[in-house]
Amino acid sequence: ALSLWFMISLDMGWRGRIQAQVIAAAFFMLAALYALRSENWLRWSFNKEHIGNALKIGVPLLPHALGGFIIDTTDRIMITNMVSVEDTGIYTVGSQVGMVILFLTGSFNMAWVPWLFGKLKDADASWKRKIVLATYAYNAMLLCLALMLAFLTPWIFRVFIGSGFSDGSNYVLWMALGYAFNGMYMMVTNYVFYVEKTYLVAWVTFFSSLINLAASYWLIRLHGAVGAAQGAMIAHLCSFLLTWFLSSRVYPMPWFVRRGRITA
């Protein structure tokens, strides 16, 4: 509502969109603080143990955040410099459509993590097997959703976006697959967070960002702007596979099937 008011009624342009986002974020920050305080979940006290634990877990995530920023932004920078600004705009539209998968995986993970951590406290072999099977089913569903979104892309662009951006449909398949692999990554990185070895996540993300830079540069030279989407997909796939491997080392789960049985 604020974006429409600032941009259209007040003719503030892109500045109105940014100001509306800031105001909305500040409002809900204050609302969240009030809700936490009213339920007595927020106490203003100093606890050295809690602060030390937060720093131990949080500081290693700074490189993780930087690596994620590199993966999320360098594709547009490289397209702008290696192809054209116009292609960057069309690429961004395609990326927004592909982000439907990201919204779904992010929402699901926020609900999944509290339940998963509660089960991992005293999970027996039977529960671990059920969690693994549920994870495999979820991963298969993500791939199907990504392919379905790519199939529906021409219709989405024709009905909701317009023919002027129809070339953006070329990026949706790769972006949707990339976000699907990112959703799979979320499912396995939770075990690393559970054992509080967040430095492993930082190393994986940093390494994946390097893969993203190299793959995107090479693929853009070969395929044009669509190479950036392909490079991002490869980076997300590598991040998922590496994190899956590391999580299986720090918190063993029965991931592999042998002779009809799931074994660690």
# chains A, B, ... in the order shown; residues from 1 in each chain; ligands from 1
>>> residues_around(residues="Ile90 in chain A", least_positions_apart="2", cutoff="12 Å", atoms="only C-alpha atoms", output="PyMOL selection string")
chain A and resi 76+79-80+83-88+92-97+157+161-172+225-226
>>> write_last_selection(atoms="N, CA and C atoms", output="short mmCIF file (atom, residue, chain, number, x, y, z; two decimals), in the first residue's frame")
data_model
loop_
_atom_site.label_atom_id
_atom_site.label_comp_id
_atom_site.auth_asym_id
_atom_site.auth_seq_id
_atom_site.Cartn_x
_atom_site.Cartn_y
_atom_site.Cartn_z
N ARG A 76 23.79 -10.68 -11.74
CA ARG A 76 23.29 -9.46 -12.38
C ARG A 76 24.44 -8.52 -12.76
N ILE A 79 26.08 -9.99 -15.88
CA ILE A 79 25.27 -9.79 -17.07
C ILE A 79 25.35 -8.35 -17.54
N THR A 80 25.28 -7.41 -16.60
CA THR A 80 25.35 -5.99 -16.95
C THR A 80 26.65 -5.66 -17.67
N VAL A 83 27.00 -8.59 -20.93
CA VAL A 83 25.95 -8.66 -21.96
C VAL A 83 25.35 -7.26 -22.15
N SER A 84 24.34 -6.90 -21.34
CA SER A 84 23.75 -5.57 -21.43
C SER A 84 22.86 -5.31 -20.23
N VAL A 85 22.56 -4.04 -20.00
CA VAL A 85 21.66 -3.66 -18.91
C VAL A 85 20.25 -4.17 -19.19
N GLU A 86 19.83 -4.12 -20.46
CA GLU A 86 18.50 -4.60 -20.81
C GLU A 86 18.32 -6.08 -20.44
N ASP A 87 19.35 -6.87 -20.73
CA ASP A 87 19.28 -8.29 -20.39
C ASP A 87 19.23 -8.50 -18.88
N THR A 88 19.88 -7.61 -18.13
CA THR A 88 19.83 -7.71 -16.68
C THR A 88 18.41 -7.51 -16.18
N THR A 92 16.16 -10.32 -14.30
CA THR A 92 15.60 -10.10 -12.97
C THR A 92 14.13 -10.49 -12.92
N VAL A 93 13.40 -10.20 -13.99
CA VAL A 93 11.99 -10.61 -14.04
C VAL A 93 11.87 -12.13 -14.00
N GLY A 94 12.68 -12.82 -14.80
CA GLY A 94 12.67 -14.28 -14.77
C GLY A 94 13.04 -14.83 -13.41
N SER A 95 13.99 -14.15 -12.76
CA SER A 95 14.42 -14.57 -11.43
C SER A 95 13.28 -14.45 -10.43
N GLN A 96 12.49 -13.40 -10.53
CA GLN A 96 11.37 -13.21 -9.61
C GLN A 96 10.35 -14.34 -9.73
N VAL A 97 10.13 -14.82 -10.95
CA VAL A 97 9.20 -15.94 -11.14
C VAL A 97 9.79 -17.21 -10.51
N PHE A 157 3.97 -15.55 -18.00
CA PHE A 157 4.45 -14.32 -18.63
C PHE A 157 3.37 -13.69 -19.51
N ILE A 161 2.63 -10.85 -16.81
CA ILE A 161 3.80 -9.98 -16.95
C ILE A 161 3.77 -9.18 -18.24
N GLY A 162 3.51 -9.82 -19.36
CA GLY A 162 3.46 -9.10 -20.63
C GLY A 162 4.49 -9.60 -21.62
N SER A 163 4.17 -9.44 -22.89
CA SER A 163 5.03 -9.95 -23.97
C SER A 163 6.38 -9.25 -24.02
N GLY A 164 6.47 -8.05 -23.49
CA GLY A 164 7.73 -7.32 -23.54
C GLY A 164 8.84 -7.98 -22.74
N PHE A 165 8.46 -8.82 -21.79
CA PHE A 165 9.46 -9.51 -20.97
C PHE A 165 9.45 -11.01 -21.20
N SER A 166 8.92 -11.44 -22.35
CA SER A 166 8.77 -12.87 -22.61
C SER A 166 10.10 -13.60 -22.61
N ASP A 167 11.19 -12.91 -22.96
CA ASP A 167 12.50 -13.57 -22.96
C ASP A 167 12.93 -13.99 -21.55
N GLY A 168 12.30 -13.41 -20.54
CA GLY A 168 12.63 -13.80 -19.17
C GLY A 168 12.27 -15.24 -18.85
N SER A 169 11.38 -15.82 -19.66
CA SER A 169 11.01 -17.22 -19.44
C SER A 169 12.18 -18.17 -19.68
N ASN A 170 13.19 -17.71 -20.42
CA ASN A 170 14.35 -18.56 -20.69
C ASN A 170 15.16 -18.87 -19.44
N TYR A 171 14.99 -18.04 -18.40
CA TYR A 171 15.79 -18.20 -17.20
C TYR A 171 15.08 -18.99 -16.10
N VAL A 172 13.77 -19.14 -16.20
CA VAL A 172 12.99 -19.65 -15.07
C VAL A 172 13.37 -21.08 -14.71
N ALA A 225 23.31 -14.42 -21.35
CA ALA A 225 22.79 -14.13 -20.01
C ALA A 225 22.24 -15.37 -19.31
N VAL A 226 21.72 -16.33 -20.07
CA VAL A 226 21.18 -17.54 -19.43
C VAL A 226 22.27 -18.31 -18.70
#
>>> residues_around(residues="Tyr136 in chain A", least_positions_apart="6", cutoff="10 Å", atoms="only C-alpha atoms", output="JSON, numbers by chain")
{"A": [130, 142, 184, 187, 255]}
>>> write_last_selection(atoms="N, CA and C atoms", output="short mmCIF file (atom, residue, chain, number, x, y, z; two decimals), in the first residue's frame")
data_model
loop_
_atom_site.label_atom_id
_atom_site.label_comp_id
_atom_site.auth_asym_id
_atom_site.auth_seq_id
_atom_site.Cartn_x
_atom_site.Cartn_y
_atom_site.Cartn_z
N LYS A 130 12.26 -42.31 9.39
CA LYS A 130 11.10 -41.55 8.92
C LYS A 130 11.51 -40.15 8.45
N LEU A 142 10.15 -30.91 -4.56
CA LEU A 142 10.74 -29.65 -5.01
C LEU A 142 11.14 -29.70 -6.47
N MET A 184 16.78 -28.02 -0.82
CA MET A 184 17.37 -29.28 -0.36
C MET A 184 18.55 -29.01 0.57
N MET A 187 17.45 -28.45 4.06
CA MET A 187 17.06 -29.66 4.79
C MET A 187 18.25 -30.36 5.43
N TRP A 255 21.08 -42.25 5.49
CA TRP A 255 20.81 -41.67 4.19
C TRP A 255 20.81 -42.68 3.04
#
>>> closest_atom_pairs(of="range 70-135 of chain A", to="range 216-221 of chain A", cutoff="10 Å", atoms="only C-alpha atoms", output="JSON lines")
{"residue": "A:Ile71", "atom": "CA", "partner": "A:Ser216", "partner_atom": "CA", "distance": 9.9}
{"residue": "A:Thr74", "atom": "CA", "partner": "A:Ser216", "partner_atom": "CA", "distance": 8.8}
{"residue": "A:Asp75", "atom": "CA", "partner": "A:Ser216", "partner_atom": "CA", "distance": 7.0}
{"residue": "A:Met78", "atom": "CA", "partner": "A:Tyr217", "partner_atom": "CA", "distance": 7.3}
{"residue": "A:Ile79", "atom": "CA", "partner": "A:Ile220", "partner_atom": "CA", "distance": 7.6}
{"residue": "A:Met82", "atom": "CA", "partner": "A:Ile220", "partner_atom": "CA", "distance": 7.7}
{"residue": "A:Val83", "atom": "CA", "partner": "A:Ile220", "partner_atom": "CA", "distance": 8.2}
>>> closest_residue(among="A:Leu242, A:Met253, A:Ala111, A:Ala229", to="Val132 in chain A", atoms="only C-alpha atoms")
A:Met253
>>> closest_residue(among="A:Gly231, A:Gly68, A:Gly16, A:Gly106", to="Phe206 in chain A", atoms="only C-alpha atoms")
A:Gly68
>>> closest_residue(among="A:Gly98, A:Gly227, A:Pro154, A:Gly118", to="Gly178 in chain A", atoms="only C-alpha atoms")
A:Gly98
>>> atom_distance(atom1="CA of Glu196 in chain A", atom2="CA of Ile131 in chain A")
19.9 Å
>>> closest_residue(among="A:Trp5, A:Tyr185, A:Phe193, A:Trp14", to="Leu102 in chain A", atoms="only C-alpha atoms")
A:Tyr185
